[in-house]
Structure formats: C-alpha cells, structure tokens
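Everything below belongs to query28.cif, which stores mmCIF, C-alpha atoms and all ligand atoms.
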```
data_model
#
loop_
_atom_site.label_atom_id
_atom_site.label_comp_id
_atom_site.auth_asym_id
_atom_site.auth_seq_id
_atom_site.Cartn_x
_atom_site.Cartn_y
_atom_site.Cartn_z
CA MET A 1137 0.00 0.00 0.00
CA LEU A 1138 1.15 3.54 -0.67
CA ILE A 1139 0.87 6.23 1.97
CA ASP A 1140 1.25 9.82 0.83
CA ARG A 1141 3.53 12.36 2.47
CA TRP A 1142 0.63 13.58 4.62
CA GLY A 1143 0.09 10.10 6.07
CA ARG A 1144 -2.99 9.29 3.98
CA PRO A 1145 -3.14 5.74 2.57
CA VAL A 1146 -4.37 5.54 -1.04
CA THR A 1147 -6.92 2.74 -1.02
CA ASP A 1148 -9.60 4.08 -3.35
CA LEU A 1149 -9.84 5.15 -6.97
CA ARG A 1150 -12.46 7.51 -8.31
CA ILE A 1151 -12.55 6.74 -12.01
CA SER A 1152 -14.37 8.97 -14.46
CA VAL A 1153 -15.32 6.80 -17.43
CA THR A 1154 -16.70 9.58 -19.64
CA ASN A 1155 -17.12 13.33 -19.75
CA SER A 1156 -20.49 13.09 -21.52
CA CYS A 1157 -23.81 13.46 -19.81
CA ASN A 1158 -27.46 13.46 -20.85
CA TYR A 1159 -28.23 16.10 -18.18
CA ASN A 1160 -27.26 19.71 -17.89
CA CYS A 1161 -27.25 20.54 -14.17
CA PHE A 1162 -26.47 24.21 -13.78
CA PHE A 1163 -23.99 23.66 -10.94
CA CYS A 1164 -22.12 20.80 -12.60
CA HIS A 1165 -18.32 20.76 -12.26
CA ARG A 1166 -17.95 17.59 -14.40
CA GLU A 1167 -15.43 16.43 -11.80
CA GLY A 1168 -13.11 19.17 -13.08
CA HIS A 1169 -11.96 17.11 -16.08
CA TYR A 1170 -11.15 19.19 -19.09
CA VAL A 1171 -8.54 17.09 -20.84
CA ARG A 1172 -9.56 16.02 -24.33
CA GLY A 1173 -8.82 12.57 -25.67
CA GLU A 1174 -10.07 9.07 -26.29
CA GLU A 1175 -11.85 7.39 -23.38
CA MET A 1176 -10.09 4.49 -21.66
CA ARG A 1177 -11.16 1.07 -22.86
CA PRO A 1178 -12.52 -1.57 -20.44
CA GLU A 1179 -9.40 -3.74 -20.73
CA GLU A 1180 -7.19 -0.72 -19.98
CA ILE A 1181 -9.20 0.01 -16.85
CA GLY A 1182 -8.90 -3.68 -15.93
CA ARG A 1183 -5.14 -3.59 -16.35
CA LEU A 1184 -4.85 -0.50 -14.19
CA MET A 1185 -6.80 -2.26 -11.44
CA ARG A 1186 -4.66 -5.41 -11.71
CA VAL A 1187 -1.53 -3.35 -11.17
CA LEU A 1188 -2.89 -1.15 -8.37
CA SER A 1189 -4.72 -3.91 -6.47
CA LYS A 1190 -1.27 -5.38 -5.78
CA HIS A 1191 -0.44 -2.09 -4.06
CA GLY A 1192 -3.36 -1.67 -1.67
CA VAL A 1193 -6.09 -0.17 -3.88
CA LYS A 1194 -9.29 -1.90 -2.86
CA ARG A 1195 -12.31 0.16 -3.83
CA VAL A 1196 -13.43 1.92 -6.99
CA LYS A 1197 -16.05 4.59 -7.51
CA LEU A 1198 -17.13 5.07 -11.12
CA THR A 1199 -18.24 8.56 -12.14
CA GLY A 1200 -18.60 10.73 -15.22
CA GLY A 1201 -20.11 12.89 -16.63
CA GLU A 1202 -22.78 10.24 -16.47
CA PRO A 1203 -21.15 6.78 -16.40
CA LEU A 1204 -24.22 5.08 -17.90
CA MET A 1205 -23.55 7.00 -21.12
CA ARG A 1206 -20.95 4.26 -21.70
CA ARG A 1207 -22.61 1.32 -23.48
CA ASP A 1208 -19.76 -0.88 -22.24
CA LEU A 1209 -20.06 0.06 -18.55
CA GLU A 1210 -21.04 -3.52 -17.66
CA GLU A 1211 -17.78 -4.69 -19.24
CA ILE A 1212 -15.83 -2.09 -17.26
CA VAL A 1213 -17.44 -3.29 -14.01
CA SER A 1214 -16.68 -6.92 -14.73
CA GLU A 1215 -13.06 -6.10 -15.70
CA LEU A 1216 -12.63 -4.28 -12.38
CA LYS A 1217 -14.16 -7.08 -10.33
CA SER A 1218 -12.02 -9.73 -11.96
CA SER A 1219 -8.89 -7.60 -11.53
CA GLY A 1220 -8.94 -7.39 -7.75
CA ALA A 1221 -11.44 -4.62 -6.89
CA GLU A 1222 -13.12 -5.60 -3.62
CA GLU A 1223 -15.90 -3.06 -4.12
CA VAL A 1224 -17.11 -1.27 -7.24
CA SER A 1225 -19.72 1.43 -6.84
CA LEU A 1226 -21.20 4.00 -9.15
CA VAL A 1227 -22.58 7.51 -8.97
CA THR A 1228 -25.30 8.17 -11.50
CA ASN A 1229 -28.14 10.57 -12.29
CA GLY A 1230 -30.30 7.43 -12.49
CA TYR A 1231 -31.95 8.16 -15.84
CA PHE A 1232 -30.84 4.90 -17.49
CA LEU A 1233 -31.16 2.65 -14.44
CA VAL A 1234 -34.52 1.25 -15.50
CA GLU A 1235 -32.82 -0.53 -18.41
CA ARG A 1236 -29.35 -1.09 -16.94
CA ALA A 1237 -29.69 -1.96 -13.24
CA ARG A 1238 -29.99 -5.71 -13.81
CA GLY A 1239 -27.04 -5.99 -16.20
CA LEU A 1240 -24.83 -3.90 -13.94
CA ARG A 1241 -25.67 -6.05 -10.94
CA GLU A 1242 -24.97 -9.19 -12.95
CA ALA A 1243 -21.63 -7.72 -14.02
CA GLY A 1244 -20.70 -7.43 -10.33
CA LEU A 1245 -21.56 -3.84 -9.39
CA ASP A 1246 -21.90 -3.66 -5.61
CA ARG A 1247 -23.83 -0.48 -4.94
CA ILE A 1248 -24.89 2.87 -6.38
CA ASN A 1249 -25.35 6.50 -5.42
CA VAL A 1250 -28.17 8.24 -7.25
CA SER A 1251 -28.31 12.02 -7.54
CA LEU A 1252 -31.77 13.19 -6.57
CA HIS A 1253 -31.80 16.91 -5.91
CA SER A 1254 -35.56 17.31 -5.72
CA LEU A 1255 -38.70 15.25 -5.32
CA LYS A 1256 -40.75 17.87 -7.18
CA ARG A 1257 -41.00 17.32 -10.91
CA ASP A 1258 -40.68 20.99 -11.91
CA VAL A 1259 -37.81 21.71 -9.52
CA TYR A 1260 -36.03 18.55 -10.67
CA GLU A 1261 -36.29 19.73 -14.27
CA ARG A 1262 -35.14 23.23 -13.38
CA ILE A 1263 -31.99 21.80 -11.75
CA THR A 1264 -31.10 19.13 -14.31
CA GLY A 1265 -32.63 20.47 -17.53
CA VAL A 1266 -34.49 17.15 -17.96
CA ASP A 1267 -38.03 16.11 -17.02
CA GLY A 1268 -36.70 12.83 -15.64
CA LEU A 1269 -37.93 12.50 -12.06
CA GLU A 1270 -40.43 9.73 -12.73
CA ARG A 1271 -37.92 7.63 -14.69
CA VAL A 1272 -35.29 8.03 -12.00
CA LEU A 1273 -37.72 6.93 -9.28
CA LYS A 1274 -38.54 3.84 -11.36
CA GLY A 1275 -34.82 3.26 -11.86
CA ILE A 1276 -34.26 3.33 -8.09
CA ASP A 1277 -36.98 0.69 -7.63
CA GLU A 1278 -35.37 -1.45 -10.34
CA ALA A 1279 -31.97 -1.13 -8.67
CA LEU A 1280 -33.47 -2.19 -5.33
CA LEU A 1281 -35.12 -5.16 -7.02
CA TRP A 1282 -31.79 -6.42 -8.38
CA GLY A 1283 -29.99 -5.97 -5.08
CA LEU A 1284 -27.84 -2.92 -5.76
CA ASN A 1285 -27.75 -2.17 -2.09
CA PRO A 1286 -27.30 0.02 -0.14
CA ILE A 1287 -28.45 2.84 -2.39
CA LYS A 1288 -27.44 6.35 -1.41
CA LEU A 1289 -29.33 9.39 -2.53
CA ASN A 1290 -27.15 12.40 -3.27
CA PHE A 1291 -29.01 15.62 -2.57
CA THR A 1292 -27.11 18.85 -3.25
CA ALA A 1293 -28.59 21.68 -1.20
CA LEU A 1294 -29.26 24.74 -3.39
CA LYS A 1295 -30.31 28.05 -1.91
CA GLY A 1296 -33.60 29.35 -3.23
CA ILE A 1297 -34.27 26.08 -5.09
CA ASN A 1298 -34.52 22.97 -2.95
CA GLU A 1299 -33.46 23.99 0.56
CA GLY A 1300 -37.05 23.45 1.74
CA GLU A 1301 -36.89 19.77 0.78
CA LEU A 1302 -34.22 18.61 3.24
CA TRP A 1303 -36.63 16.75 5.52
CA ASP A 1304 -38.60 15.50 2.50
CA ILE A 1305 -35.56 13.72 1.09
CA VAL A 1306 -34.62 12.31 4.51
CA ASN A 1307 -38.16 10.97 4.97
CA PHE A 1308 -38.21 9.60 1.41
CA GLY A 1309 -34.98 7.72 2.21
CA ARG A 1310 -36.57 6.37 5.38
CA ARG A 1311 -39.68 5.12 3.52
CA LYS A 1312 -37.69 3.43 0.75
CA GLY A 1313 -34.84 2.05 2.86
CA LEU A 1314 -32.20 4.27 1.19
CA LYS A 1315 -29.30 6.16 2.71
CA VAL A 1316 -29.25 9.91 2.30
CA GLN A 1317 -26.24 12.08 1.60
CA LEU A 1318 -26.64 15.85 1.84
CA ILE A 1319 -24.04 17.82 -0.07
CA GLU A 1320 -22.98 21.45 0.06
CA LEU A 1321 -21.84 23.12 -3.14
CA LEU A 1322 -18.05 23.21 -3.40
CA ASP A 1323 -18.08 26.95 -4.16
CA PRO A 1324 -19.18 28.98 -1.12
CA THR A 1325 -19.34 32.18 -3.21
CA SER A 1326 -22.06 30.74 -5.45
CA GLU A 1327 -25.44 32.48 -5.14
CA TYR A 1328 -26.90 28.97 -4.67
CA TYR A 1329 -24.57 27.95 -1.83
CA PHE A 1330 -26.66 26.74 1.09
CA PRO A 1331 -24.76 25.92 4.30
CA LEU A 1332 -25.97 22.79 6.06
CA GLU A 1333 -24.86 23.83 9.55
CA ASP A 1334 -28.34 24.61 10.87
CA PHE A 1335 -29.76 21.42 9.44
CA GLU A 1336 -26.92 19.46 11.03
CA ARG A 1337 -27.97 20.88 14.39
CA GLU A 1338 -31.54 19.75 13.72
CA LEU A 1339 -30.27 16.27 12.86
CA ASP A 1340 -28.16 16.24 16.01
CA GLY A 1341 -31.28 16.95 18.04
CA VAL A 1342 -33.12 13.86 16.79
CA ALA A 1343 -30.28 11.44 15.97
CA LEU A 1344 -30.00 8.17 17.87
CA ARG A 1345 -26.27 8.19 17.18
CA LYS A 1346 -23.68 10.35 15.44
CA GLU A 1347 -20.41 8.99 14.08
CA VAL A 1348 -17.57 10.26 11.95
CA ARG A 1349 -16.69 8.18 8.91
CA ASP A 1350 -12.99 7.32 8.48
CA PHE A 1351 -13.24 8.25 4.80
CA GLN A 1352 -12.96 12.03 4.58
CA ASN A 1353 -14.09 12.40 8.23
CA ARG A 1354 -17.70 12.88 7.16
CA PRO A 1355 -20.37 13.13 9.88
CA ILE A 1356 -23.11 10.50 9.75
CA PHE A 1357 -26.34 10.84 11.72
CA GLU A 1358 -28.24 7.69 12.47
CA LEU A 1359 -31.93 8.55 12.75
CA ASP A 1360 -34.82 6.22 13.39
CA GLY A 1361 -34.93 4.20 10.13
CA VAL A 1362 -32.48 6.22 8.02
CA THR A 1363 -28.88 7.40 8.02
CA VAL A 1364 -27.86 10.85 6.83
CA GLU A 1365 -24.30 11.69 5.79
CA ILE A 1366 -23.11 15.26 5.31
CA VAL A 1367 -20.53 16.25 2.67
CA LYS A 1368 -19.04 19.70 3.10
CA GLY A 1369 -16.36 20.15 0.52
CA SER A 1370 -15.57 23.82 0.71
CA GLY A 1371 -12.85 24.95 3.11
CA ASN A 1372 -13.10 21.72 5.07
CA PRO A 1373 -9.67 20.46 6.18
CA LEU A 1374 -11.20 17.50 8.01
CA LEU A 1375 -12.54 16.16 4.70
CA CYS A 1376 -9.19 16.63 2.98
CA MET A 1377 -7.05 15.23 5.82
CA GLY A 1378 -9.06 11.98 5.56
CA CYS A 1379 -9.04 11.78 1.76
CA THR A 1380 -7.85 8.34 0.63
CA ARG A 1381 -9.01 8.58 -3.00
CA LEU A 1382 -7.01 9.18 -6.11
CA ARG A 1383 -8.85 10.31 -9.20
CA VAL A 1384 -8.54 8.95 -12.70
CA THR A 1385 -9.78 10.97 -15.67
CA ALA A 1386 -11.77 9.40 -18.49
CA GLU A 1387 -8.77 9.81 -20.82
CA GLY A 1388 -6.34 7.97 -18.56
CA PHE A 1389 -4.59 10.46 -16.29
CA PHE A 1390 -4.16 10.27 -12.54
CA LYS A 1391 -5.46 13.42 -10.86
CA THR A 1392 -4.49 14.07 -7.26
CA CYS A 1393 -7.51 16.10 -6.16
CA ILE A 1394 -10.95 17.25 -7.36
CA SER A 1395 -9.91 20.88 -6.93
CA ARG A 1396 -6.53 20.74 -8.66
CA GLU A 1397 -5.90 20.96 -12.38
CA ASP A 1398 -2.12 21.17 -12.15
CA SER A 1399 -1.38 17.63 -11.13
CA LEU A 1400 -2.30 15.32 -13.99
CA ILE A 1401 -0.07 12.29 -14.52
CA ASP A 1402 -0.43 10.44 -17.81
CA PHE A 1403 -0.49 6.64 -17.51
CA ILE A 1404 -2.49 5.80 -20.61
CA SER A 1405 0.40 6.69 -22.93
CA VAL A 1406 2.62 4.38 -20.90
CA MET A 1407 0.10 1.58 -21.44
CA ARG A 1408 -0.51 2.31 -25.10
CA ASN A 1409 3.22 2.53 -25.83
CA GLY A 1410 3.80 -0.97 -24.50
CA GLY A 1411 4.93 0.07 -20.99
CA SER A 1412 5.35 -2.53 -18.25
CA ASP A 1413 3.24 -2.93 -15.11
CA GLU A 1414 6.18 -1.53 -13.18
CA GLU A 1415 6.07 1.68 -15.27
CA ILE A 1416 2.33 2.04 -14.66
CA PHE A 1417 2.99 1.65 -10.95
CA GLU A 1418 5.72 4.30 -11.16
CA ALA A 1419 3.20 6.75 -12.69
CA PHE A 1420 0.83 5.97 -9.80
CA LYS A 1421 3.59 6.55 -7.28
CA LYS A 1422 4.47 9.86 -8.91
CA SER A 1423 0.86 10.96 -8.57
CA VAL A 1424 0.66 9.87 -4.91
CA ARG A 1425 3.86 11.84 -4.28
CA LEU A 1426 2.08 15.00 -5.53
CA ARG A 1427 -0.95 14.50 -3.33
CA GLU A 1428 -1.64 17.02 -0.60
CA PRO A 1429 -4.80 18.01 1.27
CA PHE A 1430 -6.41 20.88 -0.63
CA HIS A 1431 -7.56 22.39 2.67
CA LYS A 1432 -5.08 21.86 5.48
CA LEU A 1433 -5.51 22.00 9.24
CA PRO A 1434 -3.76 25.11 10.60
CA GLY A 1435 -0.11 24.42 11.39
CA SER A 1436 -0.12 20.99 9.75
CA SER A 1437 2.79 19.87 7.59
CA PRO A 1438 3.80 16.69 5.71
CA LYS A 1439 4.66 13.73 7.96
CA TYR A 1440 7.13 12.13 5.57
CA ASP A 1441 9.64 13.29 2.96
CA ASP A 1442 8.42 10.80 0.39
CA VAL A 1443 5.69 8.27 -0.31
CA LEU A 1444 5.78 5.26 2.03
CA GLU A 1445 5.34 1.76 0.70
CA VAL A 1446 4.01 -0.58 3.38
N1 LIG B 1 -14.13 17.81 -2.01
C1 LIG B 1 -14.46 16.60 -2.40
N2 LIG B 1 -15.72 16.28 -2.56
C2 LIG B 1 -16.00 15.03 -2.95
C3 LIG B 1 -15.03 14.05 -3.18
N3 LIG B 1 -15.62 12.88 -3.53
C4 LIG B 1 -16.93 13.13 -3.54
N4 LIG B 1 -17.16 14.42 -3.19
C5 LIG B 1 -18.45 15.07 -3.06
O1 LIG B 1 -19.34 14.11 -2.56
C6 LIG B 1 -20.45 14.00 -3.41
C7 LIG B 1 -20.94 12.58 -3.40
O2 LIG B 1 -19.97 11.75 -3.91
P1 LIG B 1 -20.26 10.35 -4.54
O3 LIG B 1 -19.57 10.28 -5.82
O4 LIG B 1 -21.71 10.07 -4.54
O5 LIG B 1 -19.56 9.33 -3.62
P2 LIG B 1 -19.05 9.42 -2.16
O6 LIG B 1 -20.12 9.85 -1.24
O7 LIG B 1 -17.83 10.25 -2.16
O8 LIG B 1 -18.64 7.90 -1.87
P3 LIG B 1 -19.37 6.76 -1.03
O9 LIG B 1 -19.90 7.40 0.20
O10 LIG B 1 -18.31 5.77 -0.72
O11 LIG B 1 -20.43 6.20 -1.89
C8 LIG B 1 -19.94 14.49 -4.75
O12 LIG B 1 -20.97 15.06 -5.50
C9 LIG B 1 -18.95 15.54 -4.38
O13 LIG B 1 -19.61 16.77 -4.15
C10 LIG B 1 -13.69 14.44 -2.98
O14 LIG B 1 -12.76 13.64 -3.13
N5 LIG B 1 -13.46 15.72 -2.62
S1 LIG B 2 -25.92 14.58 -13.94
FE1 LIG B 2 -23.93 14.89 -12.97
S2 LIG B 2 -22.46 14.99 -14.68
FE2 LIG B 2 -24.51 15.26 -15.53
S3 LIG B 2 -24.81 17.49 -15.67
FE3 LIG B 2 -25.70 16.78 -13.72
S4 LIG B 2 -24.06 17.01 -12.19
FE4 LIG B 2 -23.14 17.09 -14.25
S1 LIG B 3 -7.95 16.74 -0.98
FE1 LIG B 3 -9.06 17.33 -2.84
S2 LIG B 3 -10.08 15.46 -3.47
FE2 LIG B 3 -9.49 15.15 -1.36
S3 LIG B 3 -11.23 15.81 -0.12
FE3 LIG B 3 -9.92 17.60 -0.38
S4 LIG B 3 -10.69 18.70 -2.17
FE4 LIG B 3 -11.53 16.60 -2.21
#
```
The structure given in the file should be rewritten as structure tokens.
Ligand SMILES: Nc1nc2c(ncn2[C@@H]2O[C@H](COP(=O)(O)OP(=O)(O)OP(=O)(O)O)[C@@H](O)[C@H]2O)c(=O)[nH]1
Ligand code: SF4
Ligand code: SF4
Amino acid sequence: MLIDRWGRPVTDLRISVTNSCNYNCFFCHREGHYVRGEEMRPEEIGRLMRVLSKHGVKRVKLTGGEPLMRRDLEEIVSELKSSGAEEVSLVTNGYFLVERARGLREAGLDRINVSLHSLKRDVYERITGVDGLERVLKGIDEALLWGLNPIKLNFTALKGINEGELWDIVNFGRRKGLKVQLIELLDPTSEYYFPLEDFERELDGVALRKEVRDFQNRPIFELDGVTVEIVKGSGNPLLCMGCTRLRVTAEGFFKTCISREDSLIDFISVMRNGGSDEEIFEAFKKSVRLREPFHKLPGSSPKYDDVLEV
C-alpha cells in the first residue's frame, strides 16, 4: 500500500469513465476534467486495477459525466471485479437505471449513489434540464429489485431552489430504505450555496447516534430508520485530511484532487506505448507523491519526505 507524504493511505480510486452526460445541471463541475482525448477502454481500466490492487487499492467509484452513457459500462465493471477490486460502486443521475440496473448487478456492481436533488417534478427539471424525475424513481426501484444495495441518494442543497426539501428527502430515504447524503456546493461564493450547519444541528437533536466516517471524516447521523451523511467540501480540512481517494480521468490520467488541475499524470500513454506494469505503478507513485490536502488543518505539515510503501 502507498501512503502519501501527509500520512494518507491511497486505497480508493475515483474513475471517471466519460465526460459526456445526458443532463445539464447548472452547478455541474464535471469532476473538473477538461482534458480532451479518447476514453479508456474496459481492458485498460482492468489492467490498471490489476496493477494497483497489488499495491493496496481496494475500492473503486465510477463517475462521469454520467457513467451510464458508456454502453460498455457492464464490461468495465466486470473487468474491475475480476482484476482485484473488492468493491465497485457507481454515482449516476439514475436516468438509465430502469434498463441497466440488472445488467450492472450481474456484471458485479456492488452499490450505487443516485443524484436526486428534488422530489418535485418541476424543480427537478429546473436543476437538471431534464423532465426525468419519474424515470429516476422507477430506476431506483429497479436497482433495489436487483440488489444494488445500499443505495445512497445524493441531494445537493441549493439556496432558493430545494433547501425546503431537506426533511422530504430524509423521509423519502426512510420510507424506501435508502441512505441519504446531503451535499454542500463546493463553491461557497455561489449564489446557490446553502450551508448545512443549521440542518446538522436539527439532525443532532433527533439522531440516535452520530459517528464520523474514516473516509474524509464525514459526519453520519443515524436517525430512526435512516442514516444521513453530510458532505461539506468547501474549506473543510477535516474532509481533505481523511481523503484516501485518487482520481482517474476518463482519458487515462491520474489526478491528485478534485480541486486541482495542475497535477495530472499520464499513464495511458505508458500503457498504449507498450509500458510494463512496473512503469504504470511508477506513474501511480508519482501521482501519490504529488498528493496534498487541498484544505489543510492550521499548522499541519507533511509527515514524511516521500511516499511510504508498506
Ligand atoms: N471535495 C471533495 N468532494 C467530494 C469528493 N468525492 C466526492 N465528493 C463530493 O461528494 C459528493 C458525493 O460523492 P459520490 O460520488 O456520490 O460518492 P461518495 O459519497 O464520495 O462515496 P461513497 O460514500 O463511498 O459512496 C460528490 O458530489 C462531491 O460533491 C472528494 O474527493 N473531494
Ligand atoms: S448529472 Fe452529474 S455529470 Fe450530468 S450534468 Fe448533472 S451534475 Fe453534471
Ligand atoms: S484533498 Fe481534494 S479530493 Fe481530497 S477531499 Fe480535499 S478537495 Fe476533495
């Protein structure tokens, strides 16, 4: 396993498989991927996993754009599972789940996160640009039917748009047996930025239990019949100090952090030019060496001079 200079083990990959999307959410950051190039092929993603699983990478999150835009996503999932990934999960807008949930489960997908920023048809369309609420709700039922569990709902709080629906989404999660994840916009200067602090206090008042997740130190409130996780990305050193994920762009670059554009390491050229597994690992190591928390705790500094291999 590799541990970065700040003492954070790198055990997870967040792989974007495409930059395309069938939605047009107005706050979308498209994971900050702006490199242009051919998308990685399933066997290339499989090879990457085979190399990195020997060095402590255990879990993979597939993202986009919208990952279900890839017709070969099932193949990607099965490549990952047969190449040493202990868990493969997916974040999706849910629009294509009705048709794809079964095949994805059969390919070995473990669980999914579905973005659901409103339970009101018109508000949903205003946010995403697509009148898709009904289809997505059917897709969630289909995913439950085929055992893609647990399902997490991602609800991004947006000032003036859906902030009045926080309890609605929590109660919807409770009724359907889904986990709920409430997300603040990354950009606190946005006119839509809605801080979740007050709502967190409300949750605290009714929670049976509160815990802090190892991954990114996120608070989780266990309520009667539903759990609610809070993701505060902006200016949150606790999130960054517990960040164990390395990103991979759709075109085959390692990316050290969602908020950094200056740290791309090309591994796909190594692969396509006949490079060895050792060379792919070296590119990974180079990327881990560049990792640093985007937001740091005051007075904190690197623990080690170089990456540790344990
Ligand atoms: N700052 C920051 N935000 C992240 C990161 N990963 C995810 N997020 C935020 O968390 C939201 C939900 O992420 P998901 O892709 O659903 O997955 P996750 O919650 O990170 O992962 P799991 O809980 O393991 O399913 C995203 O929309 C981002 O806003 C990260 O590495 N850094
Ligand atoms: S569904 Fe996701 S990738 Fe697509 S536009 Fe919305 S936020 Fe962006
Ligand atoms: S270090 Fe970067 S990727 Fe990790 S939690 Fe912080 S902003 Fe997100």
Quick one: axis-aligned box around all listed atoms of ligand LIG 2 (chain B), 6 Å on every side, centre and edge lengths in Å to one decimal, written as AutoDock Vina command-line options.
```
--center_x -24.2 --center_y 16.0 --center_z -13.9 --size_x 15.5 --size_y 14.9 --size_z 15.5
```
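Across A:Leu1382, A:Met1137, A:Phe1420, A:Cys1376, the tightest approach to Val1196 of chain A is made by A:Leu1382 when counting only C-alpha atoms.
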Discussion item. Residues within 9 Å of segment 1219-1234 of chain A, please, as a PyMOL selection string. Count all atoms listed in the file; anything in the same chain fewer than 5 positions from it doesn't count.
Written reply: chain A and resi 1158-1159+1182-1190+1193-1205+1213-1214+1244-1252+1268-1269+1271-1279+1290
Worksheet, complete the sentence: Across A:Leu1433, A:Ile1297, A:Ile1287, A:Leu1280, the smallest distance to Pro1373 of chain A, with only C-alpha atoms counted, is shown by A:Leu1433
Worksheet item: Could you state the separation of atom N5 of ligand LIG 1 (chain B) and atom CA of Asp1398 of chain A in Å, given to one decimal place?
Response: 15.8 Å
